[in-house]
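> The structure is given below, and queries will be raised subsequently.
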Amino acid sequence: MRDIKVAADIFRIERPELANSTAFLLDGEATSYGELERESNRVANALIAAGIAPGDRVAILDKNSAAFAAILGGALKARAVLVPLNFRLSADEIDYIVGDAGCKLLFVGNEFAAIGDELAQRQPALRRIYMQQPQHGLPALAEWIASAADSDPQLAHEADDHTIQLYTSGTTGRPKGVCQSNARFLAGTRTLLHSIEFLKPEDVQLVCMPLCHIAGIANLLGGLLTGCRVVITRDFDPVAVLDSIQRYRVNTSMWAPAIIQFLLAMPGVEDMDFSSLQRIFYGSAPISPALLEQAQRVFGCEFCQLYGMTENAGIATFLPPEDHDPARGKLASCGKPYPGSELKIVNESGQPCAPGEVGEILTRSPWTMDGYWHRPEATEETLIDGWLHTGDAGYLDEDGYLFIHDRIKDMIVSGGENVYPAEVENALTAHPAVAEAAVFGVPDDRWGEAVKAAVVLHSEASEAELIAHVRERIAGFKTPKSIDFIDALPRNTAGKILRRSLRAPYWEGRERAVN
């Protein structure tokens with residue numbers, strides 16, 4: 001691993017032999033490390049010339065690309081903070097995030113030009129740069145940086161400079177920006193790369209998870225920091241992923257369980273050549289032991305599970321390849337904490353739980369977030385004495401391995417995406433026919449969990465009508481796949497909706513209440 005002092009150093013190439021080697025391969029087009037360094041320098045100098053000051057937020061709305069990486073590197077070198085936007089969100093959701101972060105500039109892929117236009121109407125001060133082609137008289141990225149110097153601006157960085165601000169869904173229906181400093185970012189990156197042999201310089205790494213998520217960002221930056229060859233797919237497409245593995249002789253990648261399931265469902269997958277694969281990292285959602293064993297058989301390589309969340313850079317525990325032997329009895333586990341981090345399970349009184357006793361999972365590490373952007377109260381509720389309260393419920397076995405049992409919070413994980421009921425309920429109750437709504441997750445063989453709603457009506461409305469109404473307001477993956485119409489929602493004596501009583505029948509007969 002290259003020696004770096006701040007996150008921007010990842011995009012500074014000091015070894016001549018690395019400058020000429022391939023950094024990215026996308027649709028057969030190669031970008032060298034030297035080209036990436038120069039492009040990120042141009043972006044940095046263009047941002048500075050545009051008046052972007054240290055600490056200013058700039059957003060990007062696009063799918064995976066080499067240009068995405070250059071913008072990330074340029075923002076870091078300009079001491080700006082990049083806010084990657086989930087391209088699956090609705091215009092309303094993206095508008096909120098851009099406004100909450102106070103973004104000064106938006107890089108927008110032409111595929112999402114309509115959302116960019118809408119944001120410009122809502123936030124007239126927001127400047128736009130189009131990623132691929134000029135539009136509305138505004139420049140494309142290549143034109144915008146063409147006259148900028150390709151030399152490094154070499155700004156003096158501080159350990160507490162914020163780096164990347166990723167947004168995580170909020171229990172109150174509004175997402176929160178997770179702030180992580182240079183110091184915390186580097187602590188987590190070094191731990192990840194050193195503790196689990198994440199990547200080697202000779203590796204060919206595949207990045208197919210979105211760069212707007214912590215898993216995608218970690219995968220990308222780990223590859224660049226190692227100096228290996230990175231194959232990028234624009235979006236997750238099973239055909240493209242399987243083709244890339246065989247064409248480029250991919251050695252390693254990071255996948256969500258839903259990706260594994262989609263790949264295994266592809267016709268002829270069992271007859272494909274996966275001999276180049278050495279290790280697959282997986283996480284973002286629970287995985288069933290049966291699916292994992294099938295993946296081990298088909299792909300024929302080592303597997304390593306990673307458990308974490310945006311608030312701790314996705315680095316909480318890991319289950320190494322040697323623990324993936326079914327005879328060890330740990331396939332349903334998330335493993336043990338990384339070196340330098342701590343983990344404990346506590347009951348409702350905050351007291352440590354005994355082995356096998358279910359409680360809330362707490363983690364503490366040097367790479368835990370600084371806090372939520374402009375959310376001191378939410379930060380204080382989540383970070384207590386340095387301990388990150390994950391909202392996940394689990395237990396430790398006698399060997400100290402973590403097992404996820406349920407979620408203390410009501411979050412739903414569908415296809416690796418986090419969905420919070422309050423946000424979906426807000427969209428449902430905006431329909432004039434809906435009196436009340438409760439949203440919860442139910443088992444789904446394809447997505448892990450599916451979003452389901454129970455609705456109380458005060459006038460007539462159909463399931464299809466309500467689903468269409470929600471889809472117009474929030475991302476498709478958050479939209480209920482089915483709706484039950486009931487006379488009244490169950491509540492406790494304090495009047496709080498008992499989502500768990502609605503959810504419980506769908507999980508009967510299962511060992512754990514996550515899928």
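FYI, nothing fancy with the structure tokens labels: chains A, B, ... in order, residues from 1 per chain, ligands from 1 as they appear.
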List every residue of range 158-232 of chain A that has an atom at most 10 Å from any atom of range 93-102 of chain A, and for each one report the closest atom pair and its distance in Å to one decimal, counting only C-alpha atoms, with rows sorted by chain and then by increasing residue number, as a tab-separated table.

```
residue	atom	partner	partner_atom	distance
A:Gln165	CA	A:Ala101	CA	8.5
A:Leu166	CA	A:Ile97	CA	9.9
A:Tyr167	CA	A:Ile97	CA	7.7
A:Arg174	CA	A:Tyr96	CA	8.3
A:Pro175	CA	A:Ile97	CA	7.4
A:Lys176	CA	A:Ile97	CA	8.3
A:Gly177	CA	A:Ala101	CA	7.4
```
> Which of range 105-249 of chain A end up as strand (DSSP E or B) when DSSP is run on this backbone - answer as a ChimeraX atom specification?
/A:105-108,127-130,135,138,140,162,164,166-168,176-179,181,204-207,229-232
> Find the residues near Ser275 in chain A: any atom within 12 Å, counting only C-alpha atoms, skip ones fewer than 6 places away on the same chain, and give them as a PyMOL selection string.
chain A and resi 245-252+298-302
> Given the selection you just returned, output its residues as a file containing C-alpha atoms, formatted as a PDB file, in the first residue's frame.

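Output file out-v4.pdb is given in full below:
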```
ATOM      1  CA  ILE A 245     -14.639 -11.380 -15.025  1.00  0.00           C
ATOM      2  CA  GLN A 246     -13.786 -13.617 -17.965  1.00  0.00           C
ATOM      3  CA  ARG A 247     -12.484 -10.964 -20.396  1.00  0.00           C
ATOM      4  CA  TYR A 248     -10.177  -9.148 -17.958  1.00  0.00           C
ATOM      5  CA  ARG A 249      -9.339 -12.123 -15.747  1.00  0.00           C
ATOM      6  CA  VAL A 250     -10.710 -10.418 -12.647  1.00  0.00           C
ATOM      7  CA  ASN A 251      -9.214 -11.613  -9.349  1.00  0.00           C
ATOM      8  CA  THR A 252     -11.375  -9.846  -6.766  1.00  0.00           C
ATOM      9  CA  VAL A 298     -19.952 -21.923  -8.564  1.00  0.00           C
ATOM     10  CA  PHE A 299     -17.273 -19.245  -8.315  1.00  0.00           C
ATOM     11  CA  GLY A 300     -14.704 -21.545  -6.739  1.00  0.00           C
ATOM     12  CA  CYS A 301     -12.822 -18.838  -4.829  1.00  0.00           C
ATOM     13  CA  GLU A 302     -12.401 -17.537  -1.289  1.00  0.00           C
TER      14      GLU A 302
END
```
> Env of Ala44 in chain A: 9 Å cut, atoms = only C-alpha atoms, seq-sep filter 3 positions within chain, self excluded. Answer as a PyMOL selection string.
chain A and resi 39-41+47-49+71+73-80+145+148+150+152-153
> Write the residues of the preceding selection, restricted to C-alpha atoms, as a PDB file, in the first residue's frame.

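Output saved as selection.pdb:
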```
ATOM      1  CA  GLU A  39      -7.346  14.828 -14.771  1.00  0.00           C
ATOM      2  CA  SER A  40      -7.898  15.137 -11.037  1.00  0.00           C
ATOM      3  CA  ASN A  41      -5.429  18.053 -10.961  1.00  0.00           C
ATOM      4  CA  LEU A  47     -12.926  24.071  -8.834  1.00  0.00           C
ATOM      5  CA  ILE A  48     -10.575  26.569  -7.210  1.00  0.00           C
ATOM      6  CA  ALA A  49     -10.936  28.936 -10.181  1.00  0.00           C
ATOM      7  CA  ILE A  71     -13.863  14.409  -9.812  1.00  0.00           C
ATOM      8  CA  GLY A  73      -9.690  13.196  -6.601  1.00  0.00           C
ATOM      9  CA  GLY A  74     -10.049  16.781  -7.789  1.00  0.00           C
ATOM     10  CA  ALA A  75     -12.459  17.665  -4.990  1.00  0.00           C
ATOM     11  CA  LEU A  76     -10.071  16.212  -2.395  1.00  0.00           C
ATOM     12  CA  LYS A  77      -7.102  18.115  -3.837  1.00  0.00           C
ATOM     13  CA  ALA A  78      -9.140  21.342  -3.772  1.00  0.00           C
ATOM     14  CA  ARG A  79     -10.033  20.593  -0.135  1.00  0.00           C
ATOM     15  CA  ALA A  80     -13.686  20.484  -1.174  1.00  0.00           C
ATOM     16  CA  ILE A 145     -11.387  21.541 -17.247  1.00  0.00           C
ATOM     17  CA  ALA A 148      -7.118  24.254 -16.192  1.00  0.00           C
ATOM     18  CA  ASP A 150      -2.702  19.741 -14.894  1.00  0.00           C
ATOM     19  CA  ASP A 152      -1.237  19.683  -8.475  1.00  0.00           C
ATOM     20  CA  PRO A 153      -2.472  22.770  -6.559  1.00  0.00           C
TER      21      PRO A 153
END
```
> For a test of reading the model, state the distance in Å between CA of Asp203 in chain A and CA of Cys228 in chain A, rounded to one decimal.
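Straight-line distance from CA of Asp203 in chain A to CA of Cys228 in chain A works out to 5.4 Å.
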> Output as a PyMOL selection string all residues of range 141-180 of chain A that backbone DSSP marks as helix (DSSP H, G or I).
chain A and resi 141-145
> Restricted to N, CA and C atoms, what would the selected residues look like written as a tab-separated table (two decimals), in the first residue's frame?

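Written output follows (result_5.tsv):
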```
chain	number	residue	atom	x	y	z
A	141	LEU	N	-17.85	18.35	-18.84
A	141	LEU	CA	-16.69	18.25	-17.96
A	141	LEU	C	-15.38	18.49	-18.72
A	142	ALA	N	-15.20	17.81	-19.86
A	142	ALA	CA	-13.95	17.94	-20.60
A	142	ALA	C	-13.68	19.38	-21.00
A	143	GLU	N	-14.72	20.08	-21.45
A	143	GLU	CA	-14.57	21.48	-21.83
A	143	GLU	C	-14.28	22.35	-20.61
A	144	TRP	N	-14.92	22.05	-19.50
A	144	TRP	CA	-14.80	22.87	-18.30
A	144	TRP	C	-13.38	22.83	-17.71
A	145	ILE	N	-12.73	21.67	-17.82
A	145	ILE	CA	-11.39	21.54	-17.25
A	145	ILE	C	-10.28	21.71	-18.29
```
> So that I can see what lies close to range 286-292 of chain A, please list as a ChimeraX atom specification the residues with an atom at most 6 Å from it, counting only C-alpha atoms and leaving out residues fewer than 2 positions away in the same chain.
/A:257,294-295,331-332
> Please determine, counting only C-alpha atoms, which residue among A:Tyr372, A:Arg471, A:Asp27, A:Gly416 has the shortest atom-to-atom distance to Ala240 in chain A.
A:Asp27
> Name all residues at most 10 Å from Arg500 in chain A (count only C-alpha atoms; drop same-chain ones fewer than 5 positions away) and give them as a PyMOL selection string.
chain A and resi 410+440-441+490+505
> Go through A:Pro210, A:Gly109, A:Gly227, A:Cys179 and flag the residue nearest Leu18 in chain A, using only C-alpha atoms for the distances.
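Under the stated criterion, the closest residue is A:Gly227.
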> Just to confirm, what's the straight-line distance from CA of His405 in chain A to CA of Pro337 in chain A in Å (one decimal)?
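If I compute the distance from CA of His405 in chain A to CA of Pro337 in chain A, I get 17.1 Å.
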> Give me, please, the distance in Å between CA of Ile467 in chain A and CA of Val451 in chain A, quoted to one decimal.
11.0 Å
> Would you mind listing what lies within 10 Å of Met209 in chain A as a PyMOL selection string, with only C-alpha atoms counted and same-chain residues fewer than 2 positions away left out?
chain A and resi 63-64+206-207+211-217+219-220+232-236+253-256+259+416
> Using only C-alpha atoms, which of A:Gly400, A:Gly391, A:Gly222, A:Gly359 sits nearest Glu342 in chain A?
A:Gly400
> Calculated over only C-alpha atoms, which of the candidates A:Gly308, A:Glu465, A:Ala159, A:Ala438 has the smallest distance to Leu502 in chain A?
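Among the listed residues, A:Ala438 lies closest to Leu502 in chain A.
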> I need the residue nearest Ala156 in chain A from this list: A:Ile361, A:Val6, A:Ala488, A:Leu105. Use only C-alpha atoms for the distance.
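Closest to Ala156 in chain A of all the choices is A:Val6.
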